[in-house]
file upload31.tsv (TSV, C-alpha atoms and all ligand atoms)
chain	number	residue	atom	x	y	z
A	1	MET	CA	-7.25	-12.90	-15.36
A	2	GLY	CA	-3.60	-11.94	-15.76
A	3	ASP	CA	-1.22	-10.31	-13.37
A	4	LEU	CA	-1.51	-6.55	-12.98
A	5	LEU	CA	1.79	-6.23	-11.10
A	6	GLU	CA	4.81	-8.47	-11.56
A	7	VAL	CA	7.93	-8.15	-9.50
A	8	HIS	CA	10.97	-10.18	-10.58
A	9	GLY	CA	14.26	-10.57	-8.74
A	10	LEU	CA	14.10	-7.22	-6.94
A	11	THR	CA	17.23	-6.41	-4.98
A	12	LYS	CA	18.12	-3.25	-3.06
A	13	ARG	CA	21.20	-2.68	-0.94
A	14	PHE	CA	21.74	0.12	1.56
A	15	ARG	CA	25.44	0.50	2.40
A	16	GLY	CA	26.01	-3.21	1.87
A	17	LEU	CA	22.86	-4.34	3.71
A	18	LYS	CA	20.52	-6.24	1.41
A	19	ALA	CA	17.18	-4.68	2.42
A	20	VAL	CA	15.45	-6.58	-0.39
A	21	SER	CA	17.02	-9.66	-1.92
A	22	GLU	CA	15.81	-11.23	-5.18
A	23	VAL	CA	12.16	-10.79	-4.27
A	24	GLY	CA	9.55	-11.94	-6.77
A	25	PHE	CA	5.76	-12.10	-6.63
A	26	ALA	CA	2.71	-11.16	-8.66
A	27	VAL	CA	-0.53	-9.34	-7.93
A	28	PRO	CA	-3.32	-10.68	-10.15
A	29	GLN	CA	-5.74	-8.18	-11.68
A	30	GLY	CA	-8.61	-7.60	-9.20
A	31	ALA	CA	-6.88	-9.33	-6.28
A	32	ILE	CA	-5.96	-8.19	-2.78
A	33	VAL	CA	-2.44	-9.32	-1.88
A	34	ALA	CA	-0.82	-8.74	1.52
A	35	LEU	CA	2.89	-8.29	2.14
A	36	ILE	CA	3.72	-9.30	5.70
A	37	GLY	CA	6.82	-9.97	7.79
A	38	PRO	CA	8.69	-8.76	10.87
A	39	ASN	CA	10.04	-5.23	11.32
A	40	GLY	CA	12.90	-4.56	8.94
A	41	ALA	CA	11.90	-7.41	6.60
A	42	GLY	CA	12.01	-5.14	3.55
A	43	LYS	CA	8.29	-4.48	3.02
A	44	THR	CA	8.40	-0.69	2.78
A	45	THR	CA	11.57	-0.86	0.69
A	46	THR	CA	9.71	-3.16	-1.73
A	47	PHE	CA	6.89	-0.58	-1.92
A	48	ASN	CA	9.42	2.19	-2.51
A	49	LEU	CA	10.98	0.19	-5.35
A	50	ILE	CA	7.56	-0.37	-6.94
A	51	ALA	CA	6.54	3.27	-6.48
A	52	GLY	CA	9.80	4.65	-7.89
A	53	VAL	CA	11.15	6.30	-4.72
A	54	PHE	CA	14.50	4.78	-5.67
A	55	PRO	CA	15.51	2.31	-8.39
A	56	PRO	CA	16.37	-1.32	-7.60
A	57	ASP	CA	19.97	-2.51	-7.88
A	58	GLU	CA	18.63	-5.52	-9.73
A	59	GLY	CA	15.29	-6.82	-10.88
A	60	GLU	CA	12.23	-5.66	-12.73
A	61	VAL	CA	8.75	-4.30	-12.02
A	62	ARG	CA	5.96	-4.60	-14.60
A	63	LEU	CA	2.51	-3.07	-14.54
A	64	ALA	CA	0.00	-4.65	-16.91
A	65	GLY	CA	2.93	-6.18	-18.77
A	66	ARG	CA	4.79	-2.87	-19.22
A	67	PRO	CA	8.19	-2.42	-17.57
A	68	ILE	CA	8.08	0.47	-15.08
A	69	THR	CA	11.35	-0.28	-13.27
A	70	GLY	CA	13.19	2.81	-12.10
A	71	LEU	CA	10.63	5.32	-13.40
A	72	ARG	CA	10.16	8.44	-11.27
A	73	PRO	CA	7.25	8.46	-8.78
A	74	ASN	CA	5.18	10.87	-10.89
A	75	ARG	CA	5.50	8.58	-13.92
A	76	ILE	CA	4.58	5.55	-11.81
A	77	CYS	CA	1.56	7.43	-10.51
A	78	ALA	CA	0.57	8.35	-14.07
A	79	ALA	CA	0.94	4.68	-15.03
A	80	GLY	CA	-1.76	3.84	-12.47
A	81	ILE	CA	-0.13	3.08	-9.12
A	82	GLY	CA	-1.38	5.03	-6.09
A	83	ARG	CA	0.17	4.68	-2.65
A	84	THR	CA	-0.16	5.66	0.97
A	85	PHE	CA	2.75	6.21	3.35
A	86	GLN	CA	3.41	4.44	6.66
A	87	ILE	CA	3.85	7.81	8.36
A	88	VAL	CA	0.67	9.71	7.61
A	89	ARG	CA	1.64	13.17	6.37
A	90	PRO	CA	-1.30	15.19	5.10
A	91	PHE	CA	-0.79	18.92	4.52
A	92	ALA	CA	-1.94	19.81	8.02
A	93	GLY	CA	-2.66	23.46	7.23
A	94	LEU	CA	-4.93	22.62	4.30
A	95	THR	CA	-8.46	21.31	4.47
A	96	VAL	CA	-9.35	17.67	3.91
A	97	GLU	CA	-10.83	18.61	0.55
A	98	GLN	CA	-7.74	20.57	-0.54
A	99	ASN	CA	-5.53	17.60	0.36
A	100	VAL	CA	-7.58	15.28	-1.82
A	101	VAL	CA	-7.77	17.81	-4.68
A	102	ILE	CA	-3.96	17.87	-4.67
A	103	GLY	CA	-4.01	14.07	-5.07
A	104	ALA	CA	-6.49	14.37	-7.93
A	105	LEU	CA	-4.33	17.00	-9.66
A	106	ALA	CA	-1.60	14.39	-10.04
A	107	ARG	CA	-3.70	12.89	-12.85
A	108	GLU	CA	-6.12	15.67	-13.75
A	109	SER	CA	-5.02	19.09	-14.97
A	110	ARG	CA	-8.43	20.83	-14.73
A	111	VAL	CA	-9.15	22.09	-11.22
A	112	ASP	CA	-12.94	21.70	-11.48
A	113	ALA	CA	-12.56	18.08	-12.60
A	114	ALA	CA	-10.03	17.47	-9.80
A	115	ARG	CA	-12.49	18.93	-7.30
A	116	ALA	CA	-15.29	16.71	-8.60
A	117	GLN	CA	-12.99	13.69	-8.36
A	118	ALA	CA	-12.05	14.68	-4.80
A	119	HIS	CA	-15.71	14.97	-3.79
A	120	ALA	CA	-16.49	11.53	-5.21
A	121	VAL	CA	-13.60	9.99	-3.27
A	122	LEU	CA	-14.49	11.77	-0.01
A	123	GLU	CA	-18.07	10.58	-0.36
A	124	ARG	CA	-16.87	7.07	-1.00
A	125	LEU	CA	-14.69	7.01	2.12
A	126	GLY	CA	-17.29	8.60	4.37
A	127	LEU	CA	-15.22	11.78	4.75
A	128	ALA	CA	-17.52	14.19	2.92
A	129	ASP	CA	-18.77	15.74	6.16
A	130	GLN	CA	-15.15	16.52	7.10
A	131	ALA	CA	-14.25	18.16	3.77
A	132	GLY	CA	-13.89	21.67	5.22
A	133	ARG	CA	-11.88	20.67	8.29
A	134	MET	CA	-8.17	21.28	8.62
A	135	ALA	CA	-6.38	17.99	7.97
A	136	GLY	CA	-4.19	18.54	11.03
A	137	SER	CA	-7.24	18.45	13.30
A	138	LEU	CA	-8.49	15.01	12.22
A	139	THR	CA	-8.53	11.98	14.49
A	140	LEU	CA	-6.12	9.15	13.63
A	141	PRO	CA	-8.80	6.98	11.91
A	142	ASP	CA	-9.89	9.94	9.80
A	143	ARG	CA	-6.26	10.80	8.95
A	144	LYS	CA	-5.82	7.20	7.79
A	145	ARG	CA	-8.92	7.50	5.63
A	146	LEU	CA	-7.65	10.81	4.26
A	147	GLU	CA	-4.39	9.08	3.33
A	148	VAL	CA	-6.35	6.44	1.41
A	149	ALA	CA	-8.49	9.19	-0.15
A	150	ARG	CA	-5.41	11.09	-1.37
A	151	ALA	CA	-4.06	7.93	-3.01
A	152	LEU	CA	-7.44	7.04	-4.52
A	153	ALA	CA	-7.85	10.52	-5.98
A	154	THR	CA	-4.96	9.74	-8.32
A	155	ARG	CA	-7.31	7.17	-9.92
A	156	PRO	CA	-5.01	4.17	-9.54
A	157	THR	CA	-5.56	0.74	-11.02
A	158	LEU	CA	-3.27	-0.61	-8.29
A	159	LEU	CA	-3.38	0.78	-4.75
A	160	LEU	CA	-0.39	0.26	-2.42
A	161	LEU	CA	-1.37	0.61	1.23
A	162	ASP	CA	1.38	0.84	3.85
A	163	GLU	CA	-0.03	-0.07	7.28
A	164	VAL	CA	-3.27	1.87	6.98
A	165	LEU	CA	-4.73	-0.08	9.91
A	166	ALA	CA	-1.88	0.52	12.37
A	167	GLY	CA	-3.01	2.25	15.54
A	168	LEU	CA	-6.73	1.84	14.85
A	169	ARG	CA	-9.13	0.33	17.36
A	170	PRO	CA	-10.85	-2.96	16.39
A	171	THR	CA	-14.11	-1.28	15.33
A	172	GLU	CA	-12.14	1.22	13.23
A	173	VAL	CA	-10.16	-1.65	11.68
A	174	ASP	CA	-13.42	-3.37	10.75
A	175	ARG	CA	-14.70	-0.18	9.15
A	176	MET	CA	-11.55	0.29	7.06
A	177	VAL	CA	-11.61	-3.40	6.06
A	178	GLU	CA	-15.16	-2.87	4.75
A	179	VAL	CA	-14.07	0.23	2.80
A	180	LEU	CA	-11.17	-1.66	1.20
A	181	ARG	CA	-13.27	-4.72	0.41
A	182	ASP	CA	-15.87	-2.49	-1.21
A	183	LEU	CA	-13.27	-0.68	-3.33
A	184	ASN	CA	-12.00	-4.06	-4.46
A	185	ARG	CA	-15.34	-5.76	-5.13
A	186	ARG	CA	-17.39	-2.84	-6.41
A	187	ASP	CA	-14.74	-0.85	-8.27
A	188	GLY	CA	-12.46	-3.74	-9.17
A	189	LEU	CA	-9.49	-1.97	-7.57
A	190	THR	CA	-6.42	-4.20	-7.22
A	191	ILE	CA	-4.71	-3.77	-3.83
A	192	LEU	CA	-1.27	-4.61	-2.45
A	193	LEU	CA	-1.06	-3.95	1.28
A	194	ILE	CA	1.59	-4.05	3.95
A	195	GLU	CA	-0.10	-4.95	7.20
A	196	HIS	CA	0.65	-6.22	10.68
A	197	VAL	CA	-3.00	-6.54	11.73
A	198	MET	CA	-3.34	-10.24	10.94
A	199	ARG	CA	-7.09	-10.33	11.51
A	200	ALA	CA	-7.47	-7.91	8.61
A	201	VAL	CA	-4.91	-9.73	6.46
A	202	MET	CA	-6.88	-12.95	6.92
A	203	ALA	CA	-10.20	-11.26	6.17
A	204	LEU	CA	-9.11	-9.32	3.09
A	205	SER	CA	-6.34	-11.10	1.22
A	206	ASP	CA	-6.57	-13.51	-1.66
A	207	ARG	CA	-2.85	-14.20	-1.33
A	208	VAL	CA	-0.12	-13.38	1.17
A	209	VAL	CA	3.60	-12.88	0.49
A	210	VAL	CA	5.92	-13.17	3.50
A	211	LEU	CA	9.28	-11.40	3.68
A	212	ASP	CA	12.00	-11.94	6.26
A	213	HIS	CA	15.48	-10.36	6.19
A	214	GLY	CA	14.74	-9.06	2.69
A	215	GLU	CA	13.86	-12.47	1.28
A	216	ARG	CA	10.55	-13.95	0.27
A	217	ILE	CA	10.15	-16.91	2.63
A	218	ALA	CA	6.57	-17.93	1.82
A	219	GLU	CA	3.63	-17.21	-0.42
A	220	GLY	CA	0.13	-18.67	-0.51
A	221	THR	CA	-3.43	-18.26	0.64
A	222	PRO	CA	-3.84	-16.73	4.10
A	223	ALA	CA	-4.65	-20.18	5.53
A	224	GLU	CA	-1.53	-21.72	3.95
A	225	VAL	CA	0.76	-18.96	5.14
A	226	VAL	CA	-0.37	-18.95	8.78
A	227	ALA	CA	0.17	-22.71	8.93
A	228	ASP	CA	3.71	-22.47	7.47
A	229	PRO	CA	6.29	-23.36	10.17
A	230	ARG	CA	8.84	-20.91	8.74
A	231	VAL	CA	6.35	-18.05	8.90
A	232	ILE	CA	5.34	-18.98	12.45
A	233	ALA	CA	8.99	-19.12	13.51
A	234	SER	CA	10.05	-15.83	11.92
A	235	TYR	CA	6.97	-13.71	12.39
A	236	LEU	CA	3.66	-15.01	13.63
A	237	GLY	CA	5.07	-16.60	16.76
A	238	SER	CA	5.95	-13.12	17.99
A	239	GLU	CA	2.73	-11.41	16.88
A	240	ALA	CA	-0.31	-11.26	19.08
A	241	PHE	CA	-3.15	-12.22	16.83
B	1	LIG	N1	16.71	4.67	3.06
B	1	LIG	C1	17.34	3.72	3.76
B	1	LIG	N2	18.65	3.82	4.04
B	1	LIG	C2	19.30	2.85	4.74
B	1	LIG	N3	18.71	1.73	5.20
B	1	LIG	C3	17.39	1.57	4.95
B	1	LIG	C4	16.63	2.55	4.23
B	1	LIG	N4	15.34	2.10	4.13
B	1	LIG	C5	15.31	0.93	4.78
B	1	LIG	N5	16.52	0.60	5.26
B	1	LIG	C6	16.86	-0.65	5.97
B	1	LIG	O1	16.40	-1.72	5.17
B	1	LIG	C7	15.84	-2.76	5.97
B	1	LIG	C8	14.40	-3.01	5.55
B	1	LIG	O2	13.60	-1.91	5.98
B	1	LIG	P1	12.08	-1.73	5.58
B	1	LIG	O3	11.64	-0.40	6.11
B	1	LIG	O4	11.87	-2.00	4.15
B	1	LIG	O5	11.38	-2.89	6.43
B	1	LIG	P2	9.86	-3.14	6.75
B	1	LIG	O6	9.62	-4.58	6.51
B	1	LIG	O7	9.01	-2.17	6.01
B	1	LIG	O8	9.78	-2.86	8.31
B	1	LIG	P3	8.63	-2.20	9.23
B	1	LIG	O9	7.59	-3.26	9.44
B	1	LIG	O10	9.37	-1.87	10.49
B	1	LIG	O11	8.12	-0.98	8.53
B	1	LIG	C9	15.99	-2.31	7.41
B	1	LIG	O12	17.15	-2.88	7.93
B	1	LIG	C10	16.12	-0.80	7.30
B	1	LIG	O13	16.86	-0.27	8.37
call {"tool": "encode", "arguments": {"input": "upload31.tsv", "output": "structure tokens"}}
result
Amino acid sequence: MGDLLEVHGLTKRFRGLKAVSEVGFAVPQGAIVALIGPNGAGKTTTFNLIAGVFPPDEGEVRLAGRPITGLRPNRICAAGIGRTFQIVRPFAGLTVEQNVVIGALARESRVDAARAQAHAVLERLGLADQAGRMAGSLTLPDRKRLEVARALATRPTLLLLDEVLAGLRPTEVDRMVEVLRDLNRRDGLTILLIEHVMRAVMALSDRVVVLDHGERIAEGTPAEVVADPRVIASYLGSEAF
């Protein structure tokens, strides 16, 4: 199968600092690809460039062969890219269900259809029994699942996940890994994830792209990447995994 997402020569500078420098990689249709690297490597900036938070200084992003570079976030969402944020920010004063309905309304103008879509997603993520709770009262693992639910409710073909496993206990990590694997295998959802939890990266990813100081320093299967001396020196050597 072809590539769903293609990133070519992406560059972004912040006041002279090259946060992302000529980064290129592809996410094949139906694959799970991980973006890893030390703090400040440019991972979230790369997500922001893909999701249209700001345009790149140079480079191109294509979704299913169509250029989407520099489009606004709502257009990128409509094109089929859903994302979560590193800092989980649900509308705390709204219920879990209302939060997910808002996600669904990004792609669906009828409220009843958005509500049905929200229910399906909550069911899928095991959050249906929490639908009436205030989002602000959820535990961290449930807030993380709500964040995934909000992104999924936009009916993406490509899901961008920014550290959805951070702060979870090992059993909670395993549960989320199962949810993501199921979304990928059963629904054919293509996933690009930023993750520091290497156990999950190894378990989930078909391919891994490694960034350091804004540059792509390695790419390969999980086994290839963890054996790469450059990756060990810049990142894995300092990670407990
Ligand atoms: N909006 C911004 N304005 C100025 N500098 C920024 C901005 N966003 C990111 N940076 C800088 O760009 C570099 C890359 O940051 P980025 O957040 O993309 O890294 P990261 O790999 O996601 O790191 P982490 O694992 O800590 O989330 C850092 O030096 C950061 O300080």
call {"tool": "closest_residue", "arguments": {"input": "upload31.tsv", "among": "A:Pro55, A:Gly82, A:Gly65, A:Pro28", "to": "Asp162 in chain A", "atoms": "all atoms listed in the file"}}
result
A:Gly82
call {"tool": "atom_distance", "arguments": {"input": "upload31.tsv", "atom1": "CA of Arg83 in chain A", "atom2": "CA of Phe54 in chain A"}}
result
14.6 Å
call {"tool": "residues_near_ligand", "arguments": {"input": "upload31.tsv", "ligand": "ligand LIG 1 (chain B)", "cutoff": "10 Å", "atoms": "only C-alpha atoms and all ligand atoms", "output": "ChimeraX atom specification"}}
result
/A:12-20,35-49,53-54,86-87,162-163,194-196,210-214
call {"tool": "closest_residue", "arguments": {"input": "upload31.tsv", "among": "A:Pro156, A:Gly126, A:Gly2, A:Gly59", "to": "Glu22 in chain A", "atoms": "only C-alpha atoms"}}
result
A:Gly59
call {"tool": "atom_distance", "arguments": {"input": "upload31.tsv", "atom1": "CA of Leu160 in chain A", "atom2": "CA of Ile32 in chain A"}}
result
10.1 Å
call {"tool": "closest_residue", "arguments": {"input": "upload31.tsv", "among": "A:Val208, A:Leu158, A:Leu63, A:Leu127", "to": "Asp187 in chain A", "atoms": "all atoms listed in the file"}}
result
A:Leu158
call {"tool": "closest_residue", "arguments": {"input": "upload31.tsv", "among": "A:Arg181, A:Val111, A:Pro90, A:Leu189", "to": "Lys144 in chain A", "atoms": "only C-alpha atoms"}}
result
A:Pro90
call {"tool": "closest_residue", "arguments": {"input": "upload31.tsv", "among": "A:Leu122, A:Val33, A:Ser21, A:Leu10", "to": "Arg207 in chain A", "atoms": "only C-alpha atoms"}}
result
A:Val33
call {"tool": "residues_around", "arguments": {"input": "upload31.tsv", "residues": "Gly188 in chain A", "least_positions_apart": "2", "cutoff": "12 Å", "atoms": "all atoms listed in the file", "output": "MDAnalysis selection string"}}
result
chainID A and resid 4 28:32 156:159 180:186 190:191
call {"tool": "atom_distance", "arguments": {"input": "upload31.tsv", "atom1": "CA of Leu193 in chain A", "atom2": "CA of Pro56 in chain A"}}
result
19.7 Å
call {"tool": "decode", "arguments": {"input": "upload31.tsv", "residues": "range 184-216 of chain A", "atoms": "N, CA and C atoms", "output": "PDB file, in the first residue's frame"}}
result
ATOM      1  N   ASN A 184      -5.967   0.245  15.093  1.00  0.00           N
ATOM      2  CA  ASN A 184      -5.146   0.066  13.895  1.00  0.00           C
ATOM      3  C   ASN A 184      -5.546  -1.201  13.142  1.00  0.00           C
ATOM      4  N   ARG A 185      -5.642  -2.324  13.855  1.00  0.00           N
ATOM      5  CA  ARG A 185      -5.886  -3.600  13.172  1.00  0.00           C
ATOM      6  C   ARG A 185      -7.321  -3.747  12.721  1.00  0.00           C
ATOM      7  N   ARG A 186      -8.268  -3.354  13.616  1.00  0.00           N
ATOM      8  CA  ARG A 186      -9.672  -3.613  13.318  1.00  0.00           C
ATOM      9  C   ARG A 186     -10.259  -2.526  12.415  1.00  0.00           C
ATOM     10  N   ASP A 187      -9.879  -1.272  12.683  1.00  0.00           N
ATOM     11  CA  ASP A 187     -10.473  -0.170  11.910  1.00  0.00           C
ATOM     12  C   ASP A 187      -9.547   0.332  10.811  1.00  0.00           C
ATOM     13  N   GLY A 188      -8.335  -0.210  10.767  1.00  0.00           N
ATOM     14  CA  GLY A 188      -7.403   0.215   9.722  1.00  0.00           C
ATOM     15  C   GLY A 188      -6.906   1.636   9.901  1.00  0.00           C
ATOM     16  N   LEU A 189      -6.990   2.152  11.146  1.00  0.00           N
ATOM     17  CA  LEU A 189      -6.555   3.531  11.386  1.00  0.00           C
ATOM     18  C   LEU A 189      -5.026   3.626  11.312  1.00  0.00           C
ATOM     19  N   THR A 190      -4.539   4.584  10.564  1.00  0.00           N
ATOM     20  CA  THR A 190      -3.102   4.842  10.468  1.00  0.00           C
ATOM     21  C   THR A 190      -2.713   5.775  11.611  1.00  0.00           C
ATOM     22  N   ILE A 191      -1.600   5.483  12.289  1.00  0.00           N
ATOM     23  CA  ILE A 191      -1.246   6.243  13.494  1.00  0.00           C
ATOM     24  C   ILE A 191       0.205   6.722  13.429  1.00  0.00           C
ATOM     25  N   LEU A 192       0.404   8.003  13.759  1.00  0.00           N
ATOM     26  CA  LEU A 192       1.748   8.548  13.965  1.00  0.00           C
ATOM     27  C   LEU A 192       1.805   9.004  15.416  1.00  0.00           C
ATOM     28  N   LEU A 193       2.739   8.461  16.198  1.00  0.00           N
ATOM     29  CA  LEU A 193       2.750   8.796  17.613  1.00  0.00           C
ATOM     30  C   LEU A 193       4.107   9.273  18.089  1.00  0.00           C
ATOM     31  N   ILE A 194       4.053  10.299  18.933  1.00  0.00           N
ATOM     32  CA  ILE A 194       5.244  10.749  19.657  1.00  0.00           C
ATOM     33  C   ILE A 194       5.204  10.024  20.984  1.00  0.00           C
ATOM     34  N   GLU A 195       6.291   9.363  21.349  1.00  0.00           N
ATOM     35  CA  GLU A 195       6.241   8.599  22.588  1.00  0.00           C
ATOM     36  C   GLU A 195       7.623   8.416  23.198  1.00  0.00           C
ATOM     37  N   HIS A 196       7.665   8.551  24.533  1.00  0.00           N
ATOM     38  CA  HIS A 196       8.913   8.273  25.251  1.00  0.00           C
ATOM     39  C   HIS A 196       8.894   6.887  25.892  1.00  0.00           C
ATOM     40  N   VAL A 197       7.698   6.291  25.998  1.00  0.00           N
ATOM     41  CA  VAL A 197       7.606   4.974  26.646  1.00  0.00           C
ATOM     42  C   VAL A 197       8.052   3.919  25.631  1.00  0.00           C
ATOM     43  N   MET A 198       9.339   3.550  25.702  1.00  0.00           N
ATOM     44  CA  MET A 198       9.933   2.717  24.656  1.00  0.00           C
ATOM     45  C   MET A 198       9.312   1.325  24.573  1.00  0.00           C
ATOM     46  N   ARG A 199       8.858   0.818  25.707  1.00  0.00           N
ATOM     47  CA  ARG A 199       8.215  -0.497  25.705  1.00  0.00           C
ATOM     48  C   ARG A 199       7.008  -0.477  24.756  1.00  0.00           C
ATOM     49  N   ALA A 200       6.265   0.606  24.799  1.00  0.00           N
ATOM     50  CA  ALA A 200       5.084   0.732  23.940  1.00  0.00           C
ATOM     51  C   ALA A 200       5.492   0.979  22.490  1.00  0.00           C
ATOM     52  N   VAL A 201       6.535   1.774  22.291  1.00  0.00           N
ATOM     53  CA  VAL A 201       7.030   2.032  20.931  1.00  0.00           C
ATOM     54  C   VAL A 201       7.431   0.711  20.277  1.00  0.00           C
ATOM     55  N   MET A 202       8.144  -0.121  21.038  1.00  0.00           N
ATOM     56  CA  MET A 202       8.594  -1.410  20.508  1.00  0.00           C
ATOM     57  C   MET A 202       7.405  -2.317  20.193  1.00  0.00           C
ATOM     58  N   ALA A 203       6.398  -2.284  21.063  1.00  0.00           N
ATOM     59  CA  ALA A 203       5.257  -3.192  20.908  1.00  0.00           C
ATOM     60  C   ALA A 203       4.347  -2.781  19.756  1.00  0.00           C
ATOM     61  N   LEU A 204       4.250  -1.465  19.517  1.00  0.00           N
ATOM     62  CA  LEU A 204       3.220  -0.985  18.586  1.00  0.00           C
ATOM     63  C   LEU A 204       3.724  -0.682  17.178  1.00  0.00           C
ATOM     64  N   SER A 205       4.962  -0.187  17.065  1.00  0.00           N
ATOM     65  CA  SER A 205       5.342   0.490  15.819  1.00  0.00           C
ATOM     66  C   SER A 205       5.797  -0.455  14.724  1.00  0.00           C
ATOM     67  N   ASP A 206       5.403  -0.138  13.516  1.00  0.00           N
ATOM     68  CA  ASP A 206       5.972  -0.807  12.344  1.00  0.00           C
ATOM     69  C   ASP A 206       7.310  -0.169  12.000  1.00  0.00           C
ATOM     70  N   ARG A 207       7.356   1.168  12.132  1.00  0.00           N
ATOM     71  CA  ARG A 207       8.598   1.893  11.856  1.00  0.00           C
ATOM     72  C   ARG A 207       8.790   2.986  12.895  1.00  0.00           C
ATOM     73  N   VAL A 208      10.046   3.382  13.078  1.00  0.00           N
ATOM     74  CA  VAL A 208      10.368   4.426  14.046  1.00  0.00           C
ATOM     75  C   VAL A 208      11.252   5.465  13.358  1.00  0.00           C
ATOM     76  N   VAL A 209      10.902   6.732  13.557  1.00  0.00           N
ATOM     77  CA  VAL A 209      11.713   7.844  13.045  1.00  0.00           C
ATOM     78  C   VAL A 209      12.323   8.532  14.261  1.00  0.00           C
ATOM     79  N   VAL A 210      13.630   8.786  14.223  1.00  0.00           N
ATOM     80  CA  VAL A 210      14.301   9.396  15.379  1.00  0.00           C
ATOM     81  C   VAL A 210      14.771  10.802  15.020  1.00  0.00           C
ATOM     82  N   LEU A 211      14.362  11.766  15.852  1.00  0.00           N
ATOM     83  CA  LEU A 211      14.816  13.152  15.677  1.00  0.00           C
ATOM     84  C   LEU A 211      15.786  13.509  16.793  1.00  0.00           C
ATOM     85  N   ASP A 212      16.732  14.371  16.466  1.00  0.00           N
ATOM     86  CA  ASP A 212      17.640  14.927  17.471  1.00  0.00           C
ATOM     87  C   ASP A 212      18.053  16.307  16.977  1.00  0.00           C
ATOM     88  N   HIS A 213      17.945  17.316  17.841  1.00  0.00           N
ATOM     89  CA  HIS A 213      18.270  18.698  17.445  1.00  0.00           C
ATOM     90  C   HIS A 213      17.601  19.064  16.124  1.00  0.00           C
ATOM     91  N   GLY A 214      16.349  18.659  15.962  1.00  0.00           N
ATOM     92  CA  GLY A 214      15.580  19.054  14.782  1.00  0.00           C
ATOM     93  C   GLY A 214      15.857  18.244  13.529  1.00  0.00           C
ATOM     94  N   GLU A 215      16.827  17.326  13.609  1.00  0.00           N
ATOM     95  CA  GLU A 215      17.170  16.560  12.403  1.00  0.00           C
ATOM     96  C   GLU A 215      16.763  15.101  12.550  1.00  0.00           C
ATOM     97  N   ARG A 216      16.430  14.498  11.416  1.00  0.00           N
ATOM     98  CA  ARG A 216      16.148  13.068  11.438  1.00  0.00           C
ATOM     99  C   ARG A 216      17.487  12.337  11.461  1.00  0.00           C
TER     100      ARG A 216
END
